[in-house]
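Asks: What follows is the file protein-v1.cif, containing mmCIF, C-alpha atoms and all ligand atoms:
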data_target
loop_
_atom_site.label_atom_id
_atom_site.label_comp_id
_atom_site.auth_asym_id
_atom_site.auth_seq_id
_atom_site.Cartn_x
_atom_site.Cartn_y
_atom_site.Cartn_z
CA MET A 1 2.60 5.53 -5.58
CA THR A 2 2.61 9.28 -5.23
CA ALA A 3 -0.81 9.65 -6.82
CA THR A 4 -2.20 6.92 -4.57
CA ASN A 5 -0.82 8.60 -1.46
CA TRP A 6 -2.31 11.87 -2.52
CA SER A 7 -5.76 10.52 -3.32
CA THR A 8 -5.79 8.60 0.01
CA LEU A 9 -4.98 11.83 1.84
CA LEU A 10 -7.69 13.66 -0.07
CA LYS A 11 -10.27 10.94 0.64
CA GLY A 12 -9.39 11.08 4.34
CA LYS A 13 -9.84 14.85 4.32
CA HIS A 14 -13.24 14.56 2.61
CA GLN A 15 -14.38 11.94 5.11
CA LEU A 16 -13.50 14.35 7.92
CA SER A 17 -15.64 17.01 6.25
CA LEU A 18 -18.48 14.49 6.06
CA ARG A 19 -18.21 13.84 9.80
CA LEU A 20 -18.53 17.56 10.48
CA PHE A 21 -21.51 17.73 8.11
CA LEU A 22 -23.25 14.82 9.87
CA LEU A 23 -22.56 16.26 13.31
CA LEU A 24 -23.94 19.70 12.39
CA ASN A 25 -27.02 18.12 10.79
CA ALA A 26 -27.71 15.91 13.80
CA PHE A 27 -27.35 18.93 16.07
CA SER A 28 -29.51 21.12 13.85
CA ALA A 29 -32.26 18.46 13.54
CA GLY A 30 -32.30 17.91 17.31
CA PHE A 31 -32.39 21.65 18.01
CA SER A 32 -35.20 22.23 15.46
CA MET A 33 -37.28 19.57 17.20
CA ILE A 34 -36.72 21.00 20.69
CA SER A 35 -36.85 24.67 19.80
CA PRO A 36 -38.56 25.12 16.39
CA ALA A 37 -38.49 28.42 14.47
CA THR A 38 -42.29 28.26 14.03
CA ASN A 39 -44.94 26.46 16.04
CA THR A 40 -46.32 24.31 13.24
CA GLN A 41 -45.21 20.66 12.88
CA HIS A 42 -42.24 20.49 15.29
CA ILE A 43 -41.48 16.93 14.51
CA THR A 44 -41.79 15.54 11.00
CA VAL A 45 -40.72 12.18 9.60
CA PRO A 46 -37.94 13.77 7.45
CA ILE A 47 -36.40 15.68 10.38
CA VAL A 48 -36.38 12.53 12.51
CA MET A 49 -34.76 10.77 9.55
CA VAL A 50 -32.08 13.51 9.33
CA LEU A 51 -31.23 12.86 12.98
CA VAL A 52 -31.28 9.08 12.58
CA VAL A 53 -29.29 9.02 9.31
CA SER A 54 -26.68 11.50 10.61
CA LEU A 55 -26.14 9.70 13.91
CA SER A 56 -26.13 6.24 12.25
CA CYS A 57 -23.53 7.31 9.69
CA LEU A 58 -21.38 8.88 12.42
CA LEU A 59 -21.57 5.72 14.52
CA TRP A 60 -20.88 3.51 11.49
CA GLN A 61 -17.78 5.59 10.71
CA LEU A 62 -16.59 5.31 14.29
CA VAL A 63 -16.84 1.52 14.15
CA ASN A 64 -15.57 1.07 10.57
CA LYS A 65 -12.81 3.67 10.54
CA LYS A 66 -11.23 2.43 7.30
CA LYS A 67 -14.45 2.20 5.26
CA LEU A 68 -15.53 5.20 3.21
CA ILE A 69 -19.03 6.60 2.95
CA ASN A 70 -20.24 7.91 -0.41
CA ILE A 71 -20.23 11.61 0.50
CA ASN A 72 -22.30 12.96 -2.40
CA PHE A 73 -24.98 10.31 -1.93
CA ILE A 74 -25.41 10.83 1.81
CA SER A 75 -25.33 14.64 1.39
CA LEU A 76 -28.07 14.41 -1.23
CA ILE A 77 -30.21 12.19 1.01
CA ILE A 78 -29.92 14.63 3.91
CA GLY A 79 -30.57 17.58 1.57
CA LEU A 80 -33.76 15.87 0.30
CA LEU A 81 -34.89 15.11 3.86
CA TRP A 82 -34.47 18.74 4.87
CA ALA A 83 -36.39 19.79 1.75
CA GLY A 84 -39.20 17.37 2.75
CA HIS A 85 -39.25 18.75 6.30
CA ILE A 86 -39.47 22.36 5.08
CA TYR A 87 -42.20 21.45 2.61
CA ILE A 88 -44.33 19.74 5.31
CA LYS A 89 -43.85 22.62 7.74
CA VAL A 90 -44.68 25.35 5.19
CA SER A 91 -47.73 23.40 3.95
CA ALA A 92 -49.04 23.29 7.53
CA MET A 93 -48.62 27.06 8.04
CA PRO A 94 -51.78 29.13 7.68
CA ASN A 95 -49.66 31.97 6.18
CA LYS A 96 -46.36 31.39 4.49
CA ASP A 97 -43.62 32.75 6.79
CA VAL A 98 -40.81 34.16 4.66
CA SER A 99 -38.49 34.61 7.65
CA PHE A 100 -38.76 30.85 8.29
CA LEU A 101 -37.79 30.17 4.66
CA ILE A 102 -34.79 32.50 4.89
CA ILE A 103 -33.64 31.06 8.24
CA ALA A 104 -33.99 27.51 6.87
CA LEU A 105 -32.11 28.42 3.69
CA LEU A 106 -29.28 30.15 5.56
CA ALA A 107 -28.97 27.28 8.04
CA ILE A 108 -28.61 24.73 5.26
CA LEU A 109 -26.15 26.90 3.31
CA PHE A 110 -24.15 27.55 6.48
CA ILE A 111 -23.83 23.83 7.32
CA GLY A 112 -22.95 22.99 3.68
CA ALA A 113 -20.39 25.78 3.36
CA ILE A 114 -18.66 25.17 6.66
CA SER A 115 -18.40 21.41 6.08
CA TYR A 116 -17.73 21.24 2.35
CA ILE A 117 -15.43 24.20 1.74
CA ASN A 118 -13.16 21.86 -0.26
CA ASN A 119 -15.87 19.74 -1.91
CA ILE A 120 -18.17 21.71 -4.14
CA GLN A 121 -20.07 18.63 -5.41
CA ALA A 122 -21.09 17.57 -1.91
CA PHE A 123 -22.03 21.18 -1.11
CA LEU A 124 -24.37 21.27 -4.11
CA ALA A 125 -25.83 17.83 -3.28
CA ALA A 126 -26.65 18.99 0.26
CA CYS A 127 -27.96 22.47 -0.55
CA LEU A 128 -29.64 22.26 -3.95
CA PRO A 129 -32.78 20.28 -2.89
CA VAL A 130 -33.54 22.76 -0.09
CA THR A 131 -32.80 25.83 -2.23
CA LEU A 132 -35.06 24.66 -5.07
CA THR A 133 -37.84 23.66 -2.66
CA ILE A 134 -37.75 27.05 -0.92
CA PHE A 135 -37.85 28.93 -4.23
CA TRP A 136 -40.74 26.76 -5.35
CA LEU A 137 -42.66 27.29 -2.08
CA ASP A 138 -42.06 31.05 -2.21
CA GLN A 139 -43.47 31.25 -5.77
CA GLY A 140 -41.31 34.29 -6.55
CA ALA A 141 -42.89 36.49 -3.84
CA ASN A 142 -39.59 37.22 -2.08
CA TRP A 143 -37.06 36.27 -4.72
CA PRO A 144 -34.66 39.23 -4.23
CA ARG A 145 -34.20 38.41 -0.51
CA LEU A 146 -33.91 34.72 -1.17
CA LEU A 147 -31.49 35.29 -4.01
CA TYR A 148 -29.36 37.52 -1.79
CA SER A 149 -29.32 34.75 0.86
CA ILE A 150 -27.93 32.34 -1.74
CA VAL A 151 -25.57 34.59 -3.66
CA LEU A 152 -23.65 35.75 -0.59
CA PRO A 153 -22.64 32.31 0.74
CA GLY A 154 -22.42 31.00 -2.86
CA VAL A 155 -19.77 33.56 -3.83
CA GLY A 156 -18.02 33.02 -0.50
CA ILE A 157 -17.75 29.25 -0.88
CA THR A 158 -16.62 29.53 -4.53
CA ILE A 159 -13.77 31.87 -3.60
CA GLN A 160 -12.83 29.73 -0.60
CA HIS A 161 -12.95 26.65 -2.82
CA ILE A 162 -10.51 28.23 -5.31
CA ILE A 163 -8.17 29.20 -2.46
CA HIS A 164 -8.33 25.65 -1.09
CA GLN A 165 -7.62 24.19 -4.54
CA ARG A 166 -4.51 26.37 -4.81
CA HIS A 167 -3.36 25.24 -1.36
CA ASP A 168 -3.98 21.62 -2.32
CA ASN A 169 -2.03 22.01 -5.58
CA PHE A 170 0.84 23.64 -3.72
CA THR A 171 0.87 20.85 -1.12
CA ARG A 172 0.75 18.20 -3.85
CA ARG A 173 3.70 19.78 -5.70
CA LEU A 174 5.60 20.00 -2.41
CA MET A 175 4.87 16.36 -1.62
CA ASN A 176 6.01 15.21 -5.09
CA LYS A 177 9.23 17.21 -4.73
CA LEU A 178 9.93 15.73 -1.30
CA LEU A 179 9.28 12.22 -2.57
CA GLU A 180 11.63 12.81 -5.52
CA GLU A 181 14.35 14.07 -3.16
CA LYS A 182 13.80 11.12 -0.85
CA GLU A 183 14.25 8.78 -3.81
CA THR A 184 17.46 10.55 -4.87
CA LEU A 185 18.84 10.34 -1.32
CA ASN A 186 17.86 6.70 -1.17
CA ASP A 187 19.71 6.03 -4.44
CA LEU A 188 22.76 7.97 -3.26
CA SER A 189 22.90 6.02 -0.01
CA MET A 190 23.19 2.85 -2.08
CA LEU A 191 26.07 4.04 -4.26
CA ASP A 192 29.74 4.36 -3.55
CA PRO A 193 30.60 8.06 -4.06
CA LEU A 194 34.07 7.48 -5.56
CA THR A 195 33.24 4.84 -8.17
CA GLY A 196 29.47 5.18 -8.60
CA LEU A 197 29.15 1.42 -8.08
CA ASN A 198 26.75 -0.17 -5.61
CA ASN A 199 27.94 -0.15 -2.05
CA ARG A 200 27.06 -3.11 0.20
CA ARG A 201 23.66 -1.62 0.96
CA GLY A 202 22.96 -1.14 -2.76
CA PHE A 203 24.05 -4.69 -3.41
CA LYS A 204 21.72 -6.03 -0.74
CA ASN A 205 18.84 -4.10 -2.25
CA ARG A 206 19.55 -5.42 -5.79
CA PHE A 207 20.17 -8.90 -4.44
CA ASP A 208 16.80 -9.02 -2.64
CA THR A 209 15.00 -7.91 -5.81
CA LEU A 210 16.92 -10.45 -7.87
CA LEU A 211 15.99 -13.30 -5.56
CA SER A 212 12.32 -12.46 -5.84
CA VAL A 213 12.36 -12.65 -9.68
CA GLY A 214 15.32 -14.75 -10.87
CA SER A 215 15.48 -18.52 -10.87
CA GLY A 216 18.65 -19.40 -12.88
CA GLN A 217 22.22 -20.15 -11.76
CA HIS A 218 24.24 -17.22 -10.47
CA TYR A 219 27.98 -16.74 -9.76
CA ILE A 220 29.98 -14.51 -7.50
CA LEU A 221 33.32 -12.91 -8.42
CA LEU A 222 35.54 -11.31 -5.79
CA LEU A 223 38.18 -9.05 -7.31
CA ASP A 224 41.13 -7.38 -5.61
CA ILE A 225 43.75 -5.01 -7.02
CA ASP A 226 47.25 -6.45 -6.68
CA HIS A 227 49.76 -4.69 -4.45
CA PHE A 228 47.58 -1.64 -4.19
CA LYS A 229 49.20 -0.52 -0.95
CA ALA A 230 52.48 -0.24 -2.80
CA TYR A 231 50.71 1.72 -5.56
CA ASN A 232 49.27 4.16 -3.02
CA ASP A 233 52.55 4.48 -1.18
CA ASN A 234 54.49 5.27 -4.33
CA TYR A 235 52.04 7.18 -6.52
CA GLY A 236 49.96 8.86 -3.81
CA HIS A 237 46.41 8.50 -2.59
CA ASN A 238 44.94 10.73 -5.31
CA MET A 239 46.45 8.58 -8.05
CA GLY A 240 45.15 5.57 -6.11
CA ASP A 241 41.63 7.03 -6.24
CA LYS A 242 41.94 7.62 -9.97
CA ALA A 243 43.12 4.07 -10.51
CA LEU A 244 40.15 2.77 -8.51
CA THR A 245 37.76 4.78 -10.70
CA HIS A 246 39.29 3.41 -13.92
CA VAL A 247 39.26 -0.16 -12.65
CA SER A 248 35.60 0.22 -11.58
CA ALA A 249 34.62 1.45 -15.03
CA ALA A 250 36.53 -1.39 -16.69
CA ILE A 251 34.72 -3.97 -14.56
CA ARG A 252 31.34 -2.41 -15.23
CA ASP A 253 32.03 -2.30 -18.97
CA ALA A 254 33.00 -5.97 -19.02
CA VAL A 255 29.68 -7.26 -17.66
CA ARG A 256 26.02 -7.03 -18.68
CA SER A 257 23.67 -4.43 -17.21
CA ARG A 258 21.79 -7.10 -15.27
CA ASP A 259 24.97 -8.19 -13.44
CA VAL A 260 25.52 -6.42 -10.13
CA VAL A 261 28.89 -4.73 -9.63
CA THR A 262 29.70 -3.65 -6.08
CA ARG A 263 32.59 -1.92 -4.39
CA TYR A 264 32.93 -4.45 -1.66
CA GLY A 265 35.82 -2.92 0.29
CA GLY A 266 38.63 -0.41 -0.27
CA GLU A 267 40.26 -1.99 -3.35
CA GLU A 268 38.02 -5.02 -3.45
CA PHE A 269 35.04 -5.50 -5.79
CA MET A 270 32.28 -8.05 -6.06
CA VAL A 271 30.34 -8.99 -9.17
CA LEU A 272 27.14 -11.03 -9.12
CA LEU A 273 26.74 -12.70 -12.52
CA VAL A 274 23.08 -13.40 -13.10
CA ASP A 275 21.68 -16.38 -15.04
CA VAL A 276 24.93 -17.78 -16.47
CA ASP A 277 26.64 -21.18 -16.55
CA ALA A 278 30.10 -21.94 -15.14
CA GLU A 279 31.81 -21.51 -18.51
CA GLN A 280 30.25 -18.08 -19.12
CA ALA A 281 31.14 -17.01 -15.57
CA LEU A 282 34.77 -17.97 -16.16
CA GLN A 283 34.82 -16.17 -19.52
CA THR A 284 33.44 -13.02 -17.90
CA ALA A 285 36.06 -13.19 -15.13
CA GLU A 286 38.78 -13.49 -17.76
CA ARG A 287 37.31 -10.57 -19.73
CA ILE A 288 37.41 -8.39 -16.61
CA ARG A 289 40.99 -9.43 -15.77
CA LYS A 290 42.10 -8.59 -19.31
CA ARG A 291 40.23 -5.27 -19.44
CA VAL A 292 41.95 -4.12 -16.25
CA TYR A 293 45.32 -5.34 -17.53
CA ASP A 294 44.72 -3.50 -20.82
CA LEU A 295 44.06 -0.23 -18.99
CA ASN A 296 47.84 -0.08 -18.85
CA ILE A 297 47.94 1.88 -15.59
CA GLN A 298 51.63 2.03 -14.75
CA HIS A 299 52.50 0.22 -11.49
CA MET A 300 56.26 -0.27 -11.25
CA PHE A 301 55.85 -1.61 -7.72
CA ASN A 302 53.57 -4.51 -8.65
CA LYS A 303 56.52 -6.68 -7.61
CA SER A 304 57.12 -9.55 -10.01
CA VAL A 305 53.53 -9.58 -11.37
CA ALA A 306 53.68 -6.89 -14.08
CA THR A 307 54.75 -3.31 -14.69
CA HIS A 308 51.17 -2.10 -14.64
CA LEU A 309 48.06 -2.52 -12.52
CA THR A 310 46.52 -5.99 -12.31
CA ILE A 311 43.75 -7.71 -10.39
CA SER A 312 43.21 -11.18 -8.94
CA ILE A 313 39.80 -12.85 -9.02
CA GLY A 314 38.07 -15.59 -7.00
CA LEU A 315 35.00 -17.25 -8.50
CA ALA A 316 32.26 -19.27 -6.78
CA ALA A 317 28.72 -20.43 -7.53
CA LEU A 318 25.78 -18.98 -5.61
CA GLU A 319 23.92 -21.98 -4.27
CA GLN A 320 20.44 -21.73 -2.77
CA HIS A 321 20.71 -17.97 -2.51
CA ASP A 322 23.31 -18.38 0.27
CA ILE A 323 25.39 -15.28 -0.42
CA GLU A 324 27.52 -15.64 2.72
CA GLU A 325 28.62 -19.12 1.72
CA ALA A 326 29.29 -18.05 -1.91
CA LEU A 327 31.40 -15.12 -0.68
CA ARG A 328 33.33 -17.36 1.68
CA LYS A 329 34.19 -19.70 -1.21
CA ALA A 330 35.02 -16.84 -3.60
CA ASP A 331 37.27 -15.35 -0.91
CA GLY A 332 39.06 -18.68 -0.55
CA ALA A 333 39.62 -18.81 -4.31
CA LEU A 334 40.84 -15.19 -4.32
CA TYR A 335 43.28 -15.97 -1.55
CA ARG A 336 44.70 -18.80 -3.63
CA ALA A 337 44.94 -16.54 -6.68
CA LYS A 338 46.96 -14.07 -4.61
CA ARG A 339 49.19 -16.78 -3.19
CA GLN A 340 49.82 -18.31 -6.59
CA GLY A 341 51.22 -15.14 -8.14
CA ARG A 342 48.25 -12.71 -8.66
CA ASN A 343 46.83 -11.34 -11.98
CA SER A 344 44.86 -14.57 -12.16
CA ILE A 345 41.46 -16.21 -11.67
CA PHE A 346 40.91 -19.05 -9.25
CA VAL A 347 37.67 -20.98 -8.98
CA SER A 348 36.18 -22.47 -5.88
CA GLU A 349 36.74 -26.24 -5.47
CA THR A 350 33.02 -26.93 -5.51
CA LEU A 351 32.56 -25.19 -8.83
CA LEU A 352 34.84 -27.27 -11.01
CA PRO A 353 35.77 -30.32 -8.94
CA ALA A 354 38.07 -31.69 -11.61
CA GLN A 355 40.04 -28.46 -11.71
CA THR A 356 40.57 -27.76 -8.05
CA GLU A 357 42.94 -24.86 -7.54
CA THR A 358 43.12 -24.15 -11.21
CA ALA A 359 44.52 -20.83 -12.22
CA HIS A 360 43.45 -19.15 -15.44
CA PHE A 361 45.69 -16.60 -17.07
N1 LIG A 401 43.59 5.54 -2.91
C1 LIG A 401 42.81 4.73 -2.20
N2 LIG A 401 43.34 3.67 -1.58
C2 LIG A 401 42.54 2.85 -0.89
C3 LIG A 401 41.15 3.09 -0.81
N3 LIG A 401 40.60 2.09 -0.06
C4 LIG A 401 41.60 1.28 0.30
N4 LIG A 401 42.77 1.72 -0.19
C5 LIG A 401 44.11 1.16 -0.02
O1 LIG A 401 44.22 -0.13 -0.58
C6 LIG A 401 45.33 -0.78 0.05
C7 LIG A 401 45.04 -2.23 0.24
O2 LIG A 401 46.20 -2.85 0.66
P1 LIG A 401 46.32 -4.33 1.15
O3 LIG A 401 44.99 -4.77 1.69
O4 LIG A 401 47.49 -4.40 2.10
O5 LIG A 401 46.56 -5.18 -0.10
P2 LIG A 401 47.52 -4.97 -1.35
O6 LIG A 401 48.60 -4.01 -1.09
O7 LIG A 401 46.62 -4.62 -2.51
O8 LIG A 401 48.12 -6.37 -1.53
P3 LIG A 401 47.46 -7.67 -2.14
O9 LIG A 401 45.98 -7.51 -2.01
O10 LIG A 401 47.99 -8.80 -1.32
O11 LIG A 401 47.89 -7.76 -3.55
C8 LIG A 401 45.60 -0.02 1.35
O12 LIG A 401 46.82 0.68 1.25
C9 LIG A 401 44.46 0.98 1.43
O13 LIG A 401 44.85 2.21 1.99
C10 LIG A 401 40.61 4.23 -1.47
O14 LIG A 401 39.40 4.52 -1.45
N5 LIG A 401 41.48 5.01 -2.17
#
Represent the structure from my file as structure tokens, please.
Replies:
Amino acid sequence: MTATNWSTLLKGKHQLSLRLFLLLNAFSAGFSMISPATNTQHITVPIVMVLVVSLSCLLWQLVNKKKLININFISLIIGLLWAGHIYIKVSAMPNKDVSFLIIALLAILFIGAISYINNIQAFLAACLPVTLTIFWLDQGANWPRLLYSIVLPGVGITIQHIIHQRHDNFTRRLMNKLLEEKETLNDLSMLDPLTGLNNRRGFKNRFDTLLSVGSGQHYILLLDIDHFKAYNDNYGHNMGDKALTHVSAAIRDAVRSRDVVTRYGGEEFMVLLVDVDAEQALQTAERIRKRVYDLNIQHMFNKSVATHLTISIGLAALEQHDIEEALRKADGALYRAKRQGRNSIFVSETLLPAQTETAHF
């Protein structure tokens, strides 16, 4: 994802450079035709082609904004056309004009360097044909001046290219770091800070993913600590928080990693049991109830239920991915479990019709 983002950004940046390159070439070709450096052969087929190709590519990019042009290919074509133009002009001159060669060379290097400061391949594709042609036409007569004209911008663009690469690397590292932090924040916003369990948002996220891949039968458990208000009132809020943390861990330990455990409310939890049958769901509910009971957290104010902390559980099937309906049924079963004495599991009527309002201890 990150790499894709980055390469898309880079491609976009290179396409912008190409637009600048095409614009400068179109302008330069037009200007050379109107006001040529020498009087021989103002208008040649290659220079007209430079103008046509540059303007056509620019127009094509304007219309097809999302489509990419092969930058190296088009730069090479334009480089070759300029080389052809220079060759025709110099061949038509009675005496070879070295100042024309130098001006032509500098113009091409200037356009290449200013457009492709961050793309050395495209720079070479655009400038190499002209450079080689000029050296060939000169036949070594003025090589120190020509070499100087190349070395200066060549060194300049190489240094600028290195600086740009360093900036790009820095930006890429920064982007990766920001994406990592965004992911961490995203994860944190889906977790309950006290227990580390999913909060409702986290549940929704897991639930949506589950629906897109799973196809089996799922069950919902709603769990509520018994007489927790009395626990808080008598042992204090801090002890209450500790108890909540221990109960959360016990629930999480009693289910499989694919099941989704959520802190649903203050002292209420929800477990989504994935791909199980009714019997397995009931067994898991019983395992959770027992694990919490076995924590042996003293609760002398758990009325007549026990002398330590207990939970009540309501169980319902998840039908046709209707979570609201499943929760409503599980809540009904939990209510009955509370009414019938707590520390128990009640199942929704629709789950086990023969055992309506059956308590399991
Ligand atoms: N320590 C602590 N207590 C909490 C937290 N969230 C909710 N509670 C407490 O949980 C208690 C829930 O009480 P009630 O809803 O009256 O239910 P109960 O006392 O457990 O009684 P039954 O559910 O009928 O067994 C309240 O006193 C809340 O203050 C929390 O994050 N930490």
Asks: Between A:Leu273, A:His42, A:Ile120, A:Asn186, which residue has the minimum interatomic distance to A:Val155, considering only C-alpha atoms?
Replies: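 Distance minimum relative to A:Val155 lands on A:Ile120.
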Asks: Pick from A:Asp97, A:Asp168, A:Glu180, A:Glu286: nearest to A:Ala141, with all atoms listed in the file counted?
Replies: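 Closest to A:Ala141 of all the choices is A:Asp97.
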Asks: Around ligand LIG 401 (chain A), at most 7 Å away and counting only C-alpha atoms and all ligand atoms, which residues are there? Put them as number ranges by chain, please.
Replies: A: 224-230, 232, 237-241, 244, 265-267, 338
Asks: Quick one: of A:Leu81, A:Ile88, A:Leu223, A:Leu137, who's nearest to A:Ser248, counting all atoms listed in the file?
Replies: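 Nearest candidate to A:Ser248 out of A:Leu81, A:Ile88, A:Leu223, A:Leu137: A:Leu223.
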Asks: Calculated over only C-alpha atoms, which of the candidates A:Ala330, A:Ile157, A:Leu191, A:Ile43 has the smallest distance to A:Ile313?
Replies: A:Ala330
Asks: Padding 6 Å on each side, edges along x, y and z: where is the centre of the box around the listed atoms of stretch 149-160 of chain A, and how long are its edges in Å to one decimal? Output it as lines of an AutoDock Vina configuration file.
Replies:
center_x = -21.1
center_y = 32.5
center_z = -1.8
size_x = 28.5
size_y = 18.5
size_z = 17.4
Asks: Might you pull out every residue within 10 Å of A:Phe207, with all atoms listed in the file counted and same-chain residues fewer than 3 positions away left off, and present them as a count of residues only?
Replies: 12
Asks: Hey, which of A:Thr40, A:Gln283, A:Tyr219, A:Leu124 ends up closest to A:Leu327? Count only C-alpha atoms.
Replies: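 Selected residue with least distance to A:Leu327: A:Tyr219.
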Asks: Write out as a VMD selection string which residues come within 12 Å of A:Ala107 when counting all atoms listed in the file, dropping same-chain ones fewer than 2 positions away.
Replies: chain A and resid 24 to 25 27 to 29 31 to 32 37 79 82 86 100 to 105 109 to 114 126 to 127 130 to 131 149 to 150 153
Asks: One decimal, in Å: what's the spacing between atom CA of A:Thr310 and atom CA of A:Arg289?
Replies: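 Between atom CA of A:Thr310 and atom CA of A:Arg289 the gap is 7.4 Å.
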Asks: Which neighbours of stretch 72-78 of chain A fall inside 10 Å, counting all atoms listed in the file, when residues of the same chain fewer than 3 positions from it are skipped, and could you give them as a PyMOL selection string?
Replies: chain A and resi 18+21-22+25+46-47+49-51+53-54+57+69+81-84+112+119-130
Asks: Got time to write the residues from that selection, C-alpha atoms, as a tab-separated table (two decimals), in the coordinates of the input?
Replies:
chain	number	residue	atom	x	y	z
A	18	LEU	CA	-18.48	14.49	6.06
A	21	PHE	CA	-21.51	17.73	8.11
A	22	LEU	CA	-23.25	14.82	9.87
A	25	ASN	CA	-27.02	18.12	10.79
A	46	PRO	CA	-37.94	13.77	7.45
A	47	ILE	CA	-36.40	15.68	10.38
A	49	MET	CA	-34.76	10.77	9.55
A	50	VAL	CA	-32.08	13.51	9.33
A	51	LEU	CA	-31.23	12.86	12.98
A	53	VAL	CA	-29.29	9.02	9.31
A	54	SER	CA	-26.68	11.50	10.61
A	57	CYS	CA	-23.53	7.31	9.69
A	69	ILE	CA	-19.03	6.60	2.95
A	81	LEU	CA	-34.89	15.11	3.86
A	82	TRP	CA	-34.47	18.74	4.87
A	83	ALA	CA	-36.39	19.79	1.75
A	84	GLY	CA	-39.20	17.37	2.75
A	112	GLY	CA	-22.95	22.99	3.68
A	119	ASN	CA	-15.87	19.74	-1.91
A	120	ILE	CA	-18.17	21.71	-4.14
A	121	GLN	CA	-20.07	18.63	-5.41
A	122	ALA	CA	-21.09	17.57	-1.91
A	123	PHE	CA	-22.03	21.18	-1.11
A	124	LEU	CA	-24.37	21.27	-4.11
A	125	ALA	CA	-25.83	17.83	-3.28
A	126	ALA	CA	-26.65	18.99	0.26
A	127	CYS	CA	-27.96	22.47	-0.55
A	128	LEU	CA	-29.64	22.26	-3.95
A	129	PRO	CA	-32.78	20.28	-2.89
A	130	VAL	CA	-33.54	22.76	-0.09
Asks: Which residue out of A:Ser17, A:Thr171, A:Asn95, A:Thr245 has the minimum interatomic distance to A:Leu194 when all atoms listed in the file are used?
Replies: A:Thr245
Asks: As a short mmCIF file (atom, residue, chain, number, x, y, z; two decimals), keeping the file's coordinate frame, please: stretch 239-253 of chain A completed to N, CA and C atoms.
Replies:
data_model
loop_
_atom_site.label_atom_id
_atom_site.label_comp_id
_atom_site.auth_asym_id
_atom_site.auth_seq_id
_atom_site.Cartn_x
_atom_site.Cartn_y
_atom_site.Cartn_z
N MET A 239 46.26 9.47 -6.89
CA MET A 239 46.45 8.58 -8.05
C MET A 239 45.76 7.24 -7.77
N GLY A 240 45.82 6.81 -6.50
CA GLY A 240 45.15 5.57 -6.11
C GLY A 240 43.65 5.66 -6.36
N ASP A 241 43.08 6.82 -6.00
CA ASP A 241 41.63 7.03 -6.24
C ASP A 241 41.32 6.97 -7.73
N LYS A 242 42.17 7.61 -8.52
CA LYS A 242 41.94 7.62 -9.97
C LYS A 242 41.98 6.20 -10.53
N ALA A 243 42.98 5.46 -10.05
CA ALA A 243 43.12 4.07 -10.51
C ALA A 243 41.86 3.27 -10.16
N LEU A 244 41.37 3.48 -8.94
CA LEU A 244 40.15 2.77 -8.51
C LEU A 244 38.97 3.09 -9.43
N THR A 245 38.87 4.36 -9.82
CA THR A 245 37.76 4.78 -10.70
C THR A 245 37.87 4.10 -12.06
N HIS A 246 39.11 4.04 -12.61
CA HIS A 246 39.29 3.41 -13.92
C HIS A 246 39.01 1.91 -13.86
N VAL A 247 39.48 1.28 -12.78
CA VAL A 247 39.26 -0.16 -12.65
C VAL A 247 37.76 -0.45 -12.52
N SER A 248 37.06 0.39 -11.74
CA SER A 248 35.60 0.22 -11.58
C SER A 248 34.90 0.28 -12.92
N ALA A 249 35.27 1.29 -13.71
CA ALA A 249 34.62 1.45 -15.03
C ALA A 249 34.92 0.26 -15.92
N ALA A 250 36.16 -0.24 -15.85
CA ALA A 250 36.53 -1.39 -16.69
C ALA A 250 35.70 -2.62 -16.30
N ILE A 251 35.52 -2.81 -14.99
CA ILE A 251 34.72 -3.97 -14.56
C ILE A 251 33.28 -3.83 -15.04
N ARG A 252 32.73 -2.63 -14.86
CA ARG A 252 31.34 -2.41 -15.23
C ARG A 252 31.15 -2.62 -16.74
N ASP A 253 32.14 -2.17 -17.51
CA ASP A 253 32.03 -2.30 -18.97
C ASP A 253 32.16 -3.75 -19.43
#
